[in-house]
Amino acid sequence: MKSVLLIVFSGTGNTLLAAEMLRDRFTEFGIRADIWDITGEGQFDPAEYDVIGLGYPVYAFNTPLFFLNFVKGLALQGNLQGKRVFIFKTSGEPSFPNNASSFSLMKALKNCEIIGDYHFLMPYNIIFRFPDGLVKQMYCYAQKYSALIAANIMTGNTAGAFVPISLFSRFISFIFKIQGPGANINGIFYRVNRRKCTLCKRCVRDCPSKNIRMANNRFHFGFNCQMCMRCSFFCPADAINIGILNPWRVNGAFRFEELKHNAAVDGNFINGKTKGPWRMYLAYFERLDRELSPHTSLLSPKSNHP
């Protein structure tokens with residue numbers, strides 16, 4: 001194995017960050033690794049790579065339609081035929097319906113050898129803002145996890161590479177496919193608070209589905225919203241109303257590296273003493289601890305793991 005192509009869709013940057021971690025880990029192991037952000041510039045030929053990684057944020061227990069359709073197009077063109085492919089996804093919680101989020105994507109990859117479906121926990125960009133301690137813990141574990149994934153891909157180790165997909169999780173995932181058309185409908189109700197807006201037009205430039213335009217000095221939102229939250233999350237003036245979901249709006253990027261190096265922030269937010277709803281995260285971190293502990297020799301000494 002000499003090269004890896006990481007094909008990514010990332011709404012507010014969590015999945016892209018995971019892809020960058022994986023790229024850096026592969027590079028440290030002497031493997032060429034490139035990232036293809038499907039909403040950015042540049043093109044790559046998957047035929048030139050030994051392994052393909054497909055990264056996406058989980059939307060309502062499913063692969064975003066925007067990304068799923070892109071991958072289906074690659075598959076129909078034969079660009080993934082016979083390729084070794086692994087999936088990596090990001091979400092804000094370890095709930096079991098997320099196990100089925102890649103089911104439709106795997107069906108589209110029937111002519112590939114799927115070698116893993118990995119799940120990174122990263123903070124929400126909607127519903128509510130995560131505490132700094134949990135953000136730090138998620139980020140530090142993601143760095144460790146990326147090294148383990150890279151080592152697994154290199155050595156062919158599939159232990160822990162897949163989670164069981166139950167019929168019940170598939171059923172819940174199927175029900176929540178309504179998120180796709182629901183996002184399209186809700187998107188037309190987005191609004192910009194012109195009293196706060198600075199007219200930087202970042203939302204227009206950065207919308208991955210080109211759903212936002214400005215005409216006659218007014219913002220217009222179309223019928224192709226993916227509900228990625230990029231516009232509202234990164235608005236420097238917090239000026240975007242996200243329709244019926246506005247009470248759940250989260251604004252402002254997470255400062256991962258700053259939190260990582262801030263000794264005043266306890267990165268052991270989830271632990272054996274955790275009580276209440278946060279305890280649902282404990283099993284995820286304990287599982288990663290078990291998977292990481294036997295493989296410390298595979299982790300590159302060059303990498304900056306906490």
# chains A, B, ... in the order shown; residues from 1 in each chain; ligands from 1
$ closest_atom_pairs --of "range 10-73 of chain A" --to "range 164-185 of chain A" --cutoff "7 Å" --atoms "only C-alpha atoms" --output "JSON lines"
{"residue": "A:Ala60", "atom": "CA", "partner": "A:Phe176", "partner_atom": "CA", "distance": 5.8}
{"residue": "A:Phe61", "atom": "CA", "partner": "A:Ser173", "partner_atom": "CA", "distance": 5.1}
{"residue": "A:Asn62", "atom": "CA", "partner": "A:Ser173", "partner_atom": "CA", "distance": 6.0}
{"residue": "A:Leu65", "atom": "CA", "partner": "A:Gly180", "partner_atom": "CA", "distance": 6.7}
$ write_last_selection --atoms "N, CA and C atoms" --output "short mmCIF file (atom, residue, chain, number, x, y, z; two decimals), in the first residue's frame"
data_model
loop_
_atom_site.label_atom_id
_atom_site.label_comp_id
_atom_site.auth_asym_id
_atom_site.auth_seq_id
_atom_site.Cartn_x
_atom_site.Cartn_y
_atom_site.Cartn_z
N ALA A 60 -28.89 12.94 10.96
CA ALA A 60 -30.10 12.22 11.36
C ALA A 60 -29.95 10.71 11.10
N PHE A 61 -28.83 10.15 11.55
CA PHE A 61 -28.54 8.72 11.47
C PHE A 61 -28.37 8.23 10.03
N ASN A 62 -27.99 9.11 9.11
CA ASN A 62 -27.83 8.74 7.70
C ASN A 62 -26.63 9.44 7.09
N LEU A 65 -27.40 13.10 1.81
CA LEU A 65 -27.73 12.82 0.41
C LEU A 65 -26.72 13.46 -0.53
#
$ select_by_dssp --residues "range 42-259 of chain A" --states "alpha helix (DSSP H)" --output "PyMOL selection string"
chain A and resi 65-76+103-108+132-155+167-175+179-187+202-206+230-234+256-259
$ write_last_selection --atoms "C-alpha atoms" --output "compact mmCIF listing (two decimals), in the first residue's frame"
# COMPACT_ATOMS: atom_id res chain seq x y z
CA LEU A 65 -27.73 12.82 0.41
CA PHE A 66 -25.28 15.37 -0.98
CA PHE A 67 -22.38 12.99 -0.28
CA LEU A 68 -24.24 9.73 -0.99
CA ASN A 69 -25.20 10.91 -4.48
CA PHE A 70 -21.63 12.00 -5.16
CA VAL A 71 -20.27 8.58 -4.23
CA LYS A 72 -22.99 6.85 -6.27
CA GLY A 73 -21.85 8.89 -9.26
CA LEU A 74 -18.26 7.77 -8.78
CA ALA A 75 -19.41 4.16 -8.47
CA LEU A 76 -21.57 4.32 -11.60
CA PHE A 103 -25.87 1.29 5.21
CA SER A 104 -26.97 3.09 2.01
CA LEU A 105 -23.39 4.10 1.30
CA MET A 106 -22.21 0.51 1.59
CA LYS A 107 -24.90 -0.58 -0.86
CA ALA A 108 -23.51 1.93 -3.35
CA ASP A 132 -15.06 22.79 26.52
CA GLY A 133 -13.93 19.74 28.49
CA LEU A 134 -15.87 17.34 26.28
CA VAL A 135 -14.69 19.12 23.13
CA LYS A 136 -11.09 18.68 24.30
CA GLN A 137 -11.66 15.01 25.12
CA MET A 138 -13.26 14.33 21.74
CA TYR A 139 -10.42 16.07 19.89
CA CYS A 140 -7.66 14.28 21.79
CA TYR A 141 -9.29 10.89 21.30
CA ALA A 142 -9.83 11.63 17.60
CA GLN A 143 -6.10 12.21 17.22
CA LYS A 144 -5.33 8.87 18.84
CA TYR A 145 -8.08 7.12 16.89
CA SER A 146 -6.79 8.44 13.56
CA ALA A 147 -3.42 6.82 14.26
CA LEU A 148 -5.09 3.50 15.07
CA ILE A 149 -7.18 3.64 11.89
CA ALA A 150 -4.13 4.38 9.76
CA ALA A 151 -2.27 1.49 11.39
CA ASN A 152 -5.26 -0.83 10.84
CA ILE A 153 -5.49 0.08 7.16
CA MET A 154 -1.76 -0.48 6.70
CA THR A 155 -1.66 -3.85 8.47
CA LEU A 167 -32.54 -4.27 11.97
CA PHE A 168 -33.81 -1.82 14.57
CA SER A 169 -31.01 0.67 13.89
CA ARG A 170 -31.67 0.33 10.16
CA PHE A 171 -35.37 0.98 10.78
CA ILE A 172 -34.65 4.15 12.78
CA SER A 173 -32.15 5.30 10.15
CA PHE A 174 -34.75 4.72 7.43
CA ILE A 175 -37.41 6.72 9.31
CA GLN A 179 -34.23 14.80 7.22
CA GLY A 180 -33.19 15.14 3.56
CA PRO A 181 -36.42 16.61 2.15
CA GLY A 182 -37.04 18.24 5.53
CA ALA A 183 -33.78 20.17 5.18
CA ASN A 184 -34.80 21.31 1.71
CA ILE A 185 -38.11 22.62 3.02
CA ASN A 186 -36.72 24.23 6.15
CA GLY A 187 -33.97 25.87 4.11
CA ARG A 202 -19.33 34.47 3.55
CA CYS A 203 -22.53 32.43 3.64
CA VAL A 204 -23.02 32.94 -0.10
CA ARG A 205 -19.45 31.98 -0.96
CA ASP A 206 -19.20 28.98 1.35
CA ARG A 230 -22.07 26.02 7.65
CA CYS A 231 -23.75 29.38 7.03
CA SER A 232 -25.10 29.90 10.57
CA PHE A 233 -22.20 28.25 12.39
CA PHE A 234 -19.53 30.44 10.79
CA PHE A 256 -9.67 22.60 19.25
CA GLU A 257 -5.94 23.22 19.43
CA GLU A 258 -6.36 26.02 21.93
CA LEU A 259 -8.43 23.76 24.19
$ residues_around --residues "Tyr118 in chain A" --least-positions-apart "6" --cutoff "10 Å" --atoms "only C-alpha atoms" --output "list in words"
Gly55, Phe86, Ile87, Phe88, Lys89, Thr90, Asn99, Ser102, Tyr145, Ser146, Ile149, Gly160, Ala161, Phe162 and Val163 of chain A
$ closest_atom_pairs --of "range 3-91 of chain A" --to "range 246-255 of chain A" --cutoff "12 Å" --atoms "only C-alpha atoms" --output "CSV"
residue,atom,partner,partner_atom,distance
A:Gly11,CA,A:Ala253,CA,11.8
A:Thr12,CA,A:Ala253,CA,8.1
A:Gly13,CA,A:Ala253,CA,8.8
A:Asn14,CA,A:Phe254,CA,9.5
A:Leu17,CA,A:Phe254,CA,11.5
$ atom_distance --atom1 "CA of His119 in chain A" --atom2 "CA of Arg32 in chain A"
22.7 Å
$ closest_residue --among "A:Gly78, A:Ile114, A:Tyr190, A:Ile127" --to "Thr158 in chain A" --atoms "only C-alpha atoms"
A:Ile114
$ residues_around --residues "Ala237 in chain A" --least-positions-apart "4" --cutoff "8 Å" --atoms "only C-alpha atoms" --output "PDB file with C-alpha atoms, in the first residue's frame"
ATOM      1  CA  LYS A 196     -26.593  42.362  12.556  1.00  0.00           C
ATOM      2  CA  CYS A 197     -25.317  41.347   9.102  1.00  0.00           C
ATOM      3  CA  THR A 198     -22.072  42.980   7.941  1.00  0.00           C
TER       4      THR A 198
END
$ residues_around --residues "Gly30 in chain A" --least-positions-apart "5" --cutoff "10 Å" --atoms "only C-alpha atoms" --output "list in words"
Lys2, Ser3, Asp24 and Arg25 of chain A
$ write_last_selection --atoms "C-alpha atoms" --output "PDB file, in the first residue's frame"
ATOM      1  CA  LYS A   2       1.507   3.285  -1.146  1.00  0.00           C
ATOM      2  CA  SER A   3      -1.310   5.817  -1.457  1.00  0.00           C
ATOM      3  CA  ASP A  24      -1.082  13.286   8.696  1.00  0.00           C
ATOM      4  CA  ARG A  25      -0.947   9.817  10.266  1.00  0.00           C
TER       5      ARG A  25
END
$ residues_around --residues "Ile212 in chain A" --least-positions-apart "6" --cutoff "7 Å" --atoms "only C-alpha atoms" --output "PyMOL selection string"
chain A and resi 204+219-222
$ write_last_selection --atoms "C-alpha atoms" --output "mmCIF file, in the first residue's frame"
data_model
loop_
_atom_site.group_PDB
_atom_site.id
_atom_site.type_symbol
_atom_site.label_atom_id
_atom_site.label_comp_id
_atom_site.auth_asym_id
_atom_site.auth_seq_id
_atom_site.Cartn_x
_atom_site.Cartn_y
_atom_site.Cartn_z
ATOM 1 C CA VAL A 204 -23.023 32.942 -0.103
ATOM 2 C CA PHE A 219 -30.384 37.289 0.561
ATOM 3 C CA HIS A 220 -32.311 34.467 -1.067
ATOM 4 C CA PHE A 221 -32.384 30.863 0.199
ATOM 5 C CA GLY A 222 -33.339 28.155 -2.277
#
$ residues_around --residues "range 37-47 of chain A" --least-positions-apart "6" --cutoff "7 Å" --atoms "only C-alpha atoms" --output "VMD selection string"
chain A and resid 5 7 to 9 79 to 80 208
$ atom_distance --atom1 "CA of Ser209 in chain A" --atom2 "CA of Phe128 in chain A"
24.1 Å
$ atom_distance --atom1 "CA of Ser10 in chain A" --atom2 "CA of Met229 in chain A"
10.3 Å
